[in-house]
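**Q** If you scroll down you'll find the structure; I have some questions about it.
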There are 4 protein chains.
Amino acid sequence: MKALVYHGPGKKAWEDVLDPKVIDATDAVVKIDTTTICGTDLHILHGDVASVDAGRIIGHEGVGTVMEVGSGVTNFAKGDRVIISCITKCGSCQFCQAGYPDHCQSNDAGIGWLLGHRIDGTLAEAVRIPHADFSLHHVPDGVTDEQAVFLSDSLPTGYEVGVLAGGVKPGDVVAVVGTGAVGLASILTTGLFGASRVIGIDTNEFRLRKAMEFGATDTVLADENCREHVMALTDGLGVDVAIEAVGFPETLQTAVSLVRPRGRVANIGVHGLPVELPMETLWIQNLTMTMGLVDATSTPTLLKMVRSGRIPSEKMGTHAFALNDIDAAWNVFANAGKEEALKVVLKA
Amino acid sequence: MKALVYHGPGKKAWEDVLDPKVIDATDAVVKIDTTTICGTDLHILHGDVASVDAGRIIGHEGVGTVMEVGSGVTNFAKGDRVIISCITKCGSCQFCQAGYPDHCQSNDAGIGWLLGHRIDGTLAEAVRIPHADFSLHHVPDGVTDEQAVFLSDSLPTGYEVGVLAGGVKPGDVVAVVGTGAVGLASILTTGLFGASRVIGIDTNEFRLRKAMEFGATDTVLADENCREHVMALTDGLGVDVAIEAVGFPETLQTAVSLVRPRGRVANIGVHGLPVELPMETLWIQNLTMTMGLVDATSTPTLLKMVRSGRIPSEKMGTHAFALNDIDAAWNVFANAGKEEALKVVLKA
Amino acid sequence: MKALVYHGPGKKAWEDVLDPKVIDATDAVVKIDTTTICGTDLHILHGDVASVDAGRIIGHEGVGTVMEVGSGVTNFAKGDRVIISCITKCGSCQFCQAGYPDHCQSNDAGIGWLLGHRIDGTLAEAVRIPHADFSLHHVPDGVTDEQAVFLSDSLPTGYEVGVLAGGVKPGDVVAVVGTGAVGLASILTTGLFGASRVIGIDTNEFRLRKAMEFGATDTVLADENCREHVMALTDGLGVDVAIEAVGFPETLQTAVSLVRPRGRVANIGVHGLPVELPMETLWIQNLTMTMGLVDATSTPTLLKMVRSGRIPSEKMGTHAFALNDIDAAWNVFANAGKEEALKVVLKA
Amino acid sequence: MKALVYHGPGKKAWEDVLDPKVIDATDAVVKIDTTTICGTDLHILHGDVASVDAGRIIGHEGVGTVMEVGSGVTNFAKGDRVIISCITKCGSCQFCQAGYPDHCQSNDAGIGWLLGHRIDGTLAEAVRIPHADFSLHHVPDGVTDEQAVFLSDSLPTGYEVGVLAGGVKPGDVVAVVGTGAVGLASILTTGLFGASRVIGIDTNEFRLRKAMEFGATDTVLADENCREHVMALTDGLGVDVAIEAVGFPETLQTAVSLVRPRGRVANIGVHGLPVELPMETLWIQNLTMTMGLVDATSTPTLLKMVRSGRIPSEKMGTHAFALNDIDAAWNVFANAGKEEALKVVLKA
């Protein structure tokens with residue numbers, strides 16, 4: 001089959017590789033019908049993710065059709081249409097049993113993100129899925145591939161690491177720093193908890209327009225007056241929850257500066273550098289700060305909301321390509337700001 | 001009357017001042033029977049707390065007897081024996097109504113800590129208490145002054161900002177970085193939630209011995225092998241909760257380094273400097289970090305536990321002085337490590 | 001002034017009474033601008049509420065203008081436009097401090113519902129409000145009387161006792177048994193937590209139509225096939241949350257019969273009879289059942305949502321009358337089913 | 001092998017049966033080392049549990065040694081010493097993934113209690129355990145069989161269905177109605193949450209003495225003055241939490257009568273009859289009532305506490321027998337009150 005292989009920093013190729021097959025009794029092999037590229041995949045190509053070896057097929061999102069299952073798989077069968085979770089969950093380690101498969105201890109790395117990272121991933125014509133009973137979801141009738149593909153990772157990340165970790169509750173004022181795909185996923189799902197005001201903050205006008213389309217009530221340009229503008233939209237004390245969806249020291253510091261006493265800062269961004277926090281003023285502010293990888297345990301809930309029409313997840317996909325045209329898709333996504341792209345959808 | 005007046009950095013005097021009196025209808029005046037000095041008072045004398053003006057009577061802890069109440073006070077009367085909360089709570093602003101009087105908005109500073117900070121405090125023969133109905137607690141029979149005085153601030157701080165914010169739950173392994181008075185207050189109250197192991201960490205052997213007396217199951221010297229020793233006391237992944245009770249960049253960084261994925265770091269320490277956090281490794285660890293001033297809303301609960309004998313709060317007081325000997329008491333407390341002191345008790 | 005006085009079972013009169021005045025320092029007197037009649041007022045007239053004495057001015061909802069405040073009132077002043085909470089909250093007893101003013105212990109009855117019950121109420125041209133700082137809310141610009149009047153009781157009751165106590169969370173299927181005014185208040189606010197499906201159940205076609213207008217996704221007629229129809233709308237196991245908003249044994253038993261294992265039943269209805277529960281089948285179902293009076297602590301949150309347009313509370317009022325026409329208003333409300341009425345709005 | 005077989009109401013025999021073996025890939029076979037009889041087993045013999053067929057080997061508690069595992073079992077191997085959970089958990093159905101294996105949907109009955117109920121159980125020399133990876137727990141060194149055997153069901157039931165469902169928190173006053181084995185398990189684990197007072201209530205003097213040994217602070221005889229005595233032990237308003245551990249209408253009604261406004265009633269008892277609740281007085285009391293089967297998901301946490309010495313679970317076992325003497329053991333347990341027995345321990 002064909003797959004996108006990482007060959008070291010800056011090098012990738014859509015090339016022939018061996019077909020995946022069932023190895024363990026709990027494996028499934030899934031034919032990819034629809035997939036998408038993640039910002040993390042861009043980081044991998046840049047060589048920023050040291051734990052990805054050359055030769056790895058990358059990608060960790062996708063919707064597909066089960067081709068084969070091992071003898072220990074009981075919930076899925078050949079022909080089933082499935083969402084592939086970005087998190088591979090053993091189900092029985094202490095972290096999985098506690099509901100935290102992002103730190104699944106069943107592998108040496110102690111991490112639930114295996115696809116396109118420690119094992120071959122979904123930017124391919126097919127993929128092997130370990131622990132299939134826990135790592136796949138059935139797609140109900142009436143939900144399209146273009147909706148479902150964002151339930152692998154993008155939407156759960158914005159929801160779990162942003163909205164849920166941020167503890168958004170009815171009446172809250174929420175700021176989202178960075179309104180790219182993941183920040184928009186937070187905006188799209190903040191409405192589930194009745195925020196009274198959602199403020200999108202970004203440097204890019206296209207993304208700010210999208211923020212309003214996705215449910216923001218206000219937008220603020222991320223410049224030197226940003227904090228002042230946000231304060232003016234509150235009672236002067238700041239927002240209840242700030243969600244950081246970028247991953248730079250400055251953006252996290254901005255998020256921290258926007259919240260009121262007793263506020264919460266939910267960091268989604270993947271950071272590459274240490275961040276200095278002004279603890280000499282923060283210690284007395286009773287802030288709570290959270291951070292982390294997605295568990296993707298919210299996929300079934302989000303699927304219900306997509307199916308009932310409450311979450312129009314298909315709006316995340318702004319550009320569509322054939323899977324064979326992955327190089328073109330990559331170029332658009334790697335220049336998302338200029339191309340006015342959010343997520344690119346790849347169809348087999 | 002006599003009171004301890006701050007006269008600018010490095011200068012204090014136990015001197016004659018005017019007697020306090022009822023100003024607003026919701027005020028009470030309380031004669032101090034027993035009081036104590038807080039680490040924050042030391043900081044004030046050093047000039048570290050810019051919001052304290054010269055001429056201020058300092059101190060924010062104490063047990064006393066009500067001498068007079070305003071016409072709007074309904075829950076207290078002359079002669080009542082009371083604990084003075086370190087937090088002055090209006091009760092009706094949005095923060096007080098939400099249970100967060102530490103950020104009471106009824107004063108210009110928007111803060112609940114007024115005594116010995118923005119208004120005259122408790123290191124005196126008497127003190128005026130605004131919003132008395134919300135800022136005093138009756139002392140039940142059977143609870144001594146020496147037990148009750150630590151319910152003004154020390155014990156609630158260790159409990160609320162450490163144990164509650166840290167989300168300690170049955171079976172948890174908890175590390176307490178810094179086993180001075182406040183860290184010990186966390187250790188003393190951690191048992192309320194069934195921690196399976198409590199590890200005290202400090203540089204001082206006296207304080208480590210005290211940690212064991214207060215309920216720690218293990219102690220670790222705060223040296224370069226500290227993290228390694230703590231990991232060896234866990235399953236190798238780290239503790240569930242780390243409580244920071246010192247206030248330096250290094251101690252907070254230590255606390256952060258000790259927690260397992262999905263762990264919680266509760267900062268109690270008062271910081272004077274920014275702190276750099278290694279977000280490039282933390283972002284994926286799903287940590288929660290909290291910080292803040294005490295609300296002192298747990299005083300009634302802690303009082304029940306003191307009364308029933310479950311919390312021997314009197315162990316916090318290692319040295320006793322007459323209130324008139326406050327200079328001697330101050331010297332002991334300012335050299336607590338060398339003097340093997342935790343808290344000093346001052347009796348009128 | 002004029003007021004509606006209860007003179008024993010079946011007897012009421014809109015008659016001249018003495019003007020209210022400030023008695024305690026914490027009182028306010030409020031001129032009524034807009035008020036409404038509650039189902040509880042109907043019960044009082046029937047003689048069902050033994051704790052209401054003859055001679056009492058009834059009513060506990062209203063929007064008005066502050067005419068006078070006592071010396072201990074700090075948050076309100078003459079001329080302020082206010083919502084009168086149905087709960088009179090002292091703010092400082094153990095229940096009020098814990099956030100449960102419905103069981104305020106500052107009065108002999110140990111209950112927060114005093115207006116139109118233990119003291120004179122709001123179906124009058126003016127009313128005395130004890131503990132005004134805790135029992136009134138400022139009405140912001142842009143919120144009309146016709147919206148605000150339902151924040152005294154109706155909307156908070158549906159939200160707190162139904163939606164919050166029921167623990168509604170994103171994706172849930174919720175059934176509301178009884179879609180009169182309070183059941184509709186639950187439907188209107190269920191959306192704040194992202195329920196995926198809301199099923200209105202009633203015997204009255206008008207109220208079922210209203211349920212759809214207020215946000216239900218489905219309606220089911222309350223007949224002998226009701227349970228079967230509801231099961232068919234779920235995965236066959238039942239709903240996540242059932243809210244009971246009627247107050248008869250049969251309606252509570254219906255609610256209990258609709259929930260799935262681990263489900264929640266939130267009783268809002270005022271009951272006059274014991275209720276037999278089939279514990280021989282329920283004990284293994286891991287249900288949670290809640291019940292209770294409203295705290296009305298959610299009024300500020302709901303006010304934000306009304307102001308931002310997310311909750312169109314004015315839809316609760318189907319008929320309007322002059323306050324002087326209260327007898328006509330009463331007749332319509334007492335025959336709400338036939339008159340196709342929800343709540344009647346009375347304007348001074 | 002030998003096993004205790006139920007042959008219809010009133011009939012049981014310790015007789016030869018076929019050895020259990022691995023059927024599904026996820027099965028394990030465990031040799032029983034230590035087991036115990038549950039009150040539910042008595043009910044089965046009486047014919048009260050219609051879902052148990054004649055011919056069934058009963059029993060659902062035990063500690064043993066793994067003899068064989070299927071190819072899909074990854075966490076356990078031959079020779080491992082294990083606690084057998086009373087709940088057989090598939091791990092992947094919606095209820096198991098939500099943390100509620102008591103309602104595991106992987107079997108036709110939709111229930112997690114299979115052992116000694118729908119499939120053969122643990123009162124035998126060996127037992128087949130389906131879904132072994134999720135239904136067994138490793139026993140750490142230093143924990144004896146006599147401690148571990150009560151972690152299959154008894155201790156988790158008292159803890160989860162009583163203490164956790166009851167929401168016990170520091171400072172609470174807790175009443176336990178019925179201080180047999182399960183009520184005592186609640187008392188033993190209530191301390192994990194810092195209850196200030198624990199009141200044991202029973203008709204049996206032996207069990208009341210045991211209540212004090214297990215951690216109760218007070219006992220009250222269950223007679224007509226019971227409520228009055230309990231009120232006198234509180235501030236007159238009642239207890240915060242009442243745990244029902246018997247299963248009769250009267251005992252549940254007693255529990256309900258003891259709680260204060262905003263209190264919680266946690267029903268553990270297995271009921272055989274409907275129960276009438278006085279909703280005409282309860283509706284306004286803001287009570288929460290819970291009920292249900294155990295999940296046994298707390299076994300790992302309780303195991304930590306047993307291992308650290310905080311929970312002396314071995315105190316549950318008052319009488320010991322050889323497994324072959326199960327008839328004698330049964331007779332003692334069936335007359336527990338007279339025999340002054342709590343649980344009987346059976347050793348292979």
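Order determines the names: the first chain of the structure tokens is A, the second B, and so forth; residues in each chain are numbered 1 upward, and ligands are numbered 1 upward as they are shown.
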Quick check for you: according to DSSP on this backbone, which residues of segment 74-289 of chain C are classed as strand (DSSP E or B)? Reply as JSON, numbers by chain.

**A** {"C": [81, 82, 83, 84, 115, 119, 124, 126, 127, 128, 129, 136, 137, 138, 173, 174, 175, 176, 177, 197, 198, 199, 200, 201, 202, 218, 219, 220, 221, 239, 240, 241, 242, 243, 244, 259, 260, 261, 262, 263, 264, 265, 266, 267, 275, 276, 277, 288, 289]}

**Q** Please report, as a list of chain:residue names, each residue of segment 233-313 of chain A to which DSSP assigns alpha helix (DSSP H) when run on this structure's backbone.

**A** A:Leu233, A:Pro249, A:Glu250, A:Thr251, A:Leu252, A:Gln253, A:Thr254, A:Ala255, A:Val256, A:Ser257, A:Leu258, A:Met279, A:Glu280, A:Thr281, A:Leu282, A:Thr299, A:Pro300, A:Thr301, A:Leu302, A:Leu303, A:Lys304, A:Met305, A:Val306, A:Arg307

**Q** Could you check how far atom CA of Arg128 of chain D sits from atom CA of Trp283 of chain C, in Å to one decimal?

**A**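 Distance between the two atoms: 27.8 Å.
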
**Q** For chain C, report every residue with an atom at most 9 Å from chain B (counting only C-alpha atoms), formatted as a list in words.

**A** Asp24, Ala25, Thr26, Ser71, Gly72, Asn75, Gly91, Ser92, Cys93, Gln97, Ala98, Gly99, Asp133, Phe134 and Thr297 of chain C

**Q** Determine, counting only C-alpha atoms, which protein, DNA and RNA residues have an atom within 10 Å of an atom of Asp53 of chain C; residues of the same chain fewer than 3 positions away are not included. Present the result as a list in words.

**A**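 That gives Tyr6, His7, Gly8, Ile44, Gly47, Val49, Ala50, Arg56, Ile57, Gly116, His117, Arg118 and Ile119 of chain C.
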
**Q** From the list D:Gln253, D:Leu302, D:Arg307, D:Leu115, which residue is nearest Thr189 of chain D when using only C-alpha atoms?

**A** D:Leu302

**Q** At a cut-off of 10 Å, using only C-alpha atoms, what residues contact segment 204-220 of chain B? Leave out same-chain residues fewer than 6 positions from it and give the result as a count of residues only.

**A** 41

**Q** Suppose you want the space between atom CA of Leu155 of chain D and atom CA of Val182 of chain D; what is it in Å?

**A**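 For atom CA of Leu155 of chain D relative to atom CA of Val182 of chain D, the distance reads 7.1 Å.
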
**Q** Kindly give the distance, in Å, that separates atom CA of Val256 of chain D and atom CA of Gly292 of chain C, rounded to a single decimal.

**A**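 Taking atom CA of Val256 of chain D as the start and atom CA of Gly292 of chain C as the end point, the length is 14.2 Å.
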
**Q** When you count only C-alpha atoms, which of these residues is closest to Ala13 of chain A: A:Ala148, A:Met291, A:Ala334, A:Ile326?

**A** A:Ile326

**Q** If we count only C-alpha atoms and set the cut-off at 9 Å, which residues sit around Val66 of chain C, ignoring sequence neighbours fewer than 5 positions away in its own chain? Please answer as a PDB file with N, CA, C and O atoms, in the first residue's frame.

**A**
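Output saved as selection.pdb:
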ATOM      1  N   ALA C  28     -35.001  46.576  53.526  1.00  0.00           N
ATOM      2  CA  ALA C  28     -35.328  47.561  52.491  1.00  0.00           C
ATOM      3  C   ALA C  28     -36.826  47.497  52.263  1.00  0.00           C
ATOM      4  O   ALA C  28     -37.454  46.464  52.509  1.00  0.00           O
ATOM      5  N   VAL C  29     -37.392  48.599  51.791  1.00  0.00           N
ATOM      6  CA  VAL C  29     -38.781  48.575  51.316  1.00  0.00           C
ATOM      7  C   VAL C  29     -38.742  48.797  49.811  1.00  0.00           C
ATOM      8  O   VAL C  29     -38.042  49.699  49.327  1.00  0.00           O
ATOM      9  N   VAL C  30     -39.454  47.928  49.095  1.00  0.00           N
ATOM     10  CA  VAL C  30     -39.416  47.948  47.637  1.00  0.00           C
ATOM     11  C   VAL C  30     -40.839  48.150  47.106  1.00  0.00           C
ATOM     12  O   VAL C  30     -41.765  47.439  47.498  1.00  0.00           O
ATOM     13  N   LYS C  31     -40.994  49.130  46.219  1.00  0.00           N
ATOM     14  CA  LYS C  31     -42.250  49.321  45.490  1.00  0.00           C
ATOM     15  C   LYS C  31     -42.299  48.262  44.387  1.00  0.00           C
ATOM     16  O   LYS C  31     -41.335  48.070  43.650  1.00  0.00           O
ATOM     17  N   ILE C  32     -43.437  47.572  44.303  1.00  0.00           N
ATOM     18  CA  ILE C  32     -43.582  46.527  43.281  1.00  0.00           C
ATOM     19  C   ILE C  32     -43.925  47.152  41.923  1.00  0.00           C
ATOM     20  O   ILE C  32     -44.918  47.882  41.811  1.00  0.00           O
ATOM     21  N   PHE C  76     -27.573  48.425  48.278  1.00  0.00           N
ATOM     22  CA  PHE C  76     -28.734  48.952  47.559  1.00  0.00           C
ATOM     23  C   PHE C  76     -29.101  50.333  48.099  1.00  0.00           C
ATOM     24  O   PHE C  76     -28.869  50.628  49.277  1.00  0.00           O
ATOM     25  N   ALA C  77     -29.675  51.150  47.220  1.00  0.00           N
ATOM     26  CA  ALA C  77     -30.047  52.509  47.620  1.00  0.00           C
ATOM     27  C   ALA C  77     -31.388  52.860  46.992  1.00  0.00           C
ATOM     28  O   ALA C  77     -31.843  52.205  46.052  1.00  0.00           O
ATOM     29  N   LYS C  78     -32.010  53.865  47.516  1.00  0.00           N
ATOM     30  CA  LYS C  78     -33.293  54.343  47.010  1.00  0.00           C
ATOM     31  C   LYS C  78     -33.200  54.555  45.499  1.00  0.00           C
ATOM     32  O   LYS C  78     -32.232  55.135  44.998  1.00  0.00           O
ATOM     33  N   GLY C  79     -34.186  54.080  44.793  1.00  0.00           N
ATOM     34  CA  GLY C  79     -34.229  54.265  43.346  1.00  0.00           C
ATOM     35  C   GLY C  79     -33.681  53.083  42.556  1.00  0.00           C
ATOM     36  O   GLY C  79     -33.905  52.986  41.353  1.00  0.00           O
ATOM     37  N   ASP C  80     -32.978  52.175  43.219  1.00  0.00           N
ATOM     38  CA  ASP C  80     -32.427  51.006  42.508  1.00  0.00           C
ATOM     39  C   ASP C  80     -33.552  50.098  42.013  1.00  0.00           C
ATOM     40  O   ASP C  80     -34.525  49.839  42.731  1.00  0.00           O
ATOM     41  N   ARG C  81     -33.367  49.596  40.805  1.00  0.00           N
ATOM     42  CA  ARG C  81     -34.313  48.645  40.228  1.00  0.00           C
ATOM     43  C   ARG C  81     -33.818  47.242  40.571  1.00  0.00           C
ATOM     44  O   ARG C  81     -32.659  46.893  40.331  1.00  0.00           O
ATOM     45  N   VAL C  82     -34.709  46.442  41.189  1.00  0.00           N
ATOM     46  CA  VAL C  82     -34.249  45.178  41.763  1.00  0.00           C
ATOM     47  C   VAL C  82     -35.179  43.997  41.465  1.00  0.00           C
ATOM     48  O   VAL C  82     -36.387  44.168  41.295  1.00  0.00           O
TER      49      VAL C  82
END

**Q** Tell me which protein, DNA and RNA residues are within 8 Å of Gly162 of chain D, counting only C-alpha atoms, leaving out same-chain ones fewer than 2 positions away, and put them as a PyMOL selection string.

**A** chain D and resi 157-160+164-166+186+243-244+266-268

**Q** Restricted to N, CA and C atoms, what would the selected residues look like written as a JSON list (two decimals), in the first residue's frame?

**A**
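Saved result, part00.json, follows:
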[["chain", "number", "residue", "atom", "x", "y", "z"],
["D", 157, "THR", "N", -18.26, -2.53, 49.09],
["D", 157, "THR", "CA", -19.68, -2.20, 49.16],
["D", 157, "THR", "C", -19.94, -1.15, 50.23],
["D", 158, "GLY", "N", -19.40, -1.36, 51.42],
["D", 158, "GLY", "CA", -19.59, -0.37, 52.48],
["D", 158, "GLY", "C", -19.01, 0.98, 52.11],
["D", 159, "TYR", "N", -17.89, 0.94, 51.42],
["D", 159, "TYR", "CA", -17.18, 2.17, 51.05],
["D", 159, "TYR", "C", -17.86, 2.90, 49.88],
["D", 160, "GLU", "N", -18.11, 2.17, 48.80],
["D", 160, "GLU", "CA", -18.64, 2.82, 47.59],
["D", 160, "GLU", "C", -20.12, 3.18, 47.73],
["D", 164, "LEU", "N", -18.90, 6.66, 49.83],
["D", 164, "LEU", "CA", -18.72, 7.51, 48.65],
["D", 164, "LEU", "C", -20.06, 8.03, 48.14],
["D", 165, "ALA", "N", -21.03, 7.15, 47.97],
["D", 165, "ALA", "CA", -22.35, 7.62, 47.50],
["D", 165, "ALA", "C", -22.94, 8.61, 48.50],
["D", 166, "GLY", "N", -22.67, 8.40, 49.79],
["D", 166, "GLY", "CA", -23.17, 9.30, 50.82],
["D", 166, "GLY", "C", -22.43, 10.63, 50.85],
["D", 186, "SER", "N", -18.74, 0.20, 56.22],
["D", 186, "SER", "CA", -18.91, 1.65, 56.06],
["D", 186, "SER", "C", -18.23, 2.40, 57.21],
["D", 243, "ILE", "N", -26.43, 6.16, 56.40],
["D", 243, "ILE", "CA", -26.15, 4.99, 55.56],
["D", 243, "ILE", "C", -27.06, 3.85, 56.02],
["D", 244, "GLU", "N", -27.85, 3.29, 55.11],
["D", 244, "GLU", "CA", -28.77, 2.21, 55.43],
["D", 244, "GLU", "C", -28.12, 0.91, 55.00],
["D", 266, "ALA", "N", -27.74, 7.15, 51.94],
["D", 266, "ALA", "CA", -27.13, 6.17, 51.04],
["D", 266, "ALA", "C", -27.65, 4.79, 51.41],
["D", 267, "ASN", "N", -28.45, 4.22, 50.53],
["D", 267, "ASN", "CA", -29.01, 2.90, 50.78],
["D", 267, "ASN", "C", -28.08, 1.81, 50.25],
["D", 268, "ILE", "N", -27.65, 0.92, 51.14],
["D", 268, "ILE", "CA", -26.87, -0.25, 50.72],
["D", 268, "ILE", "C", -27.74, -1.50, 50.74]]

**Q** Determine the nearest neighbour of Asp295 of chain C from the options C:Pro20, C:Gly62, C:Gly10, C:Pro101, counting only C-alpha atoms.

**A**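 Of all the options, C:Pro101 lies closest to Asp295 of chain C.
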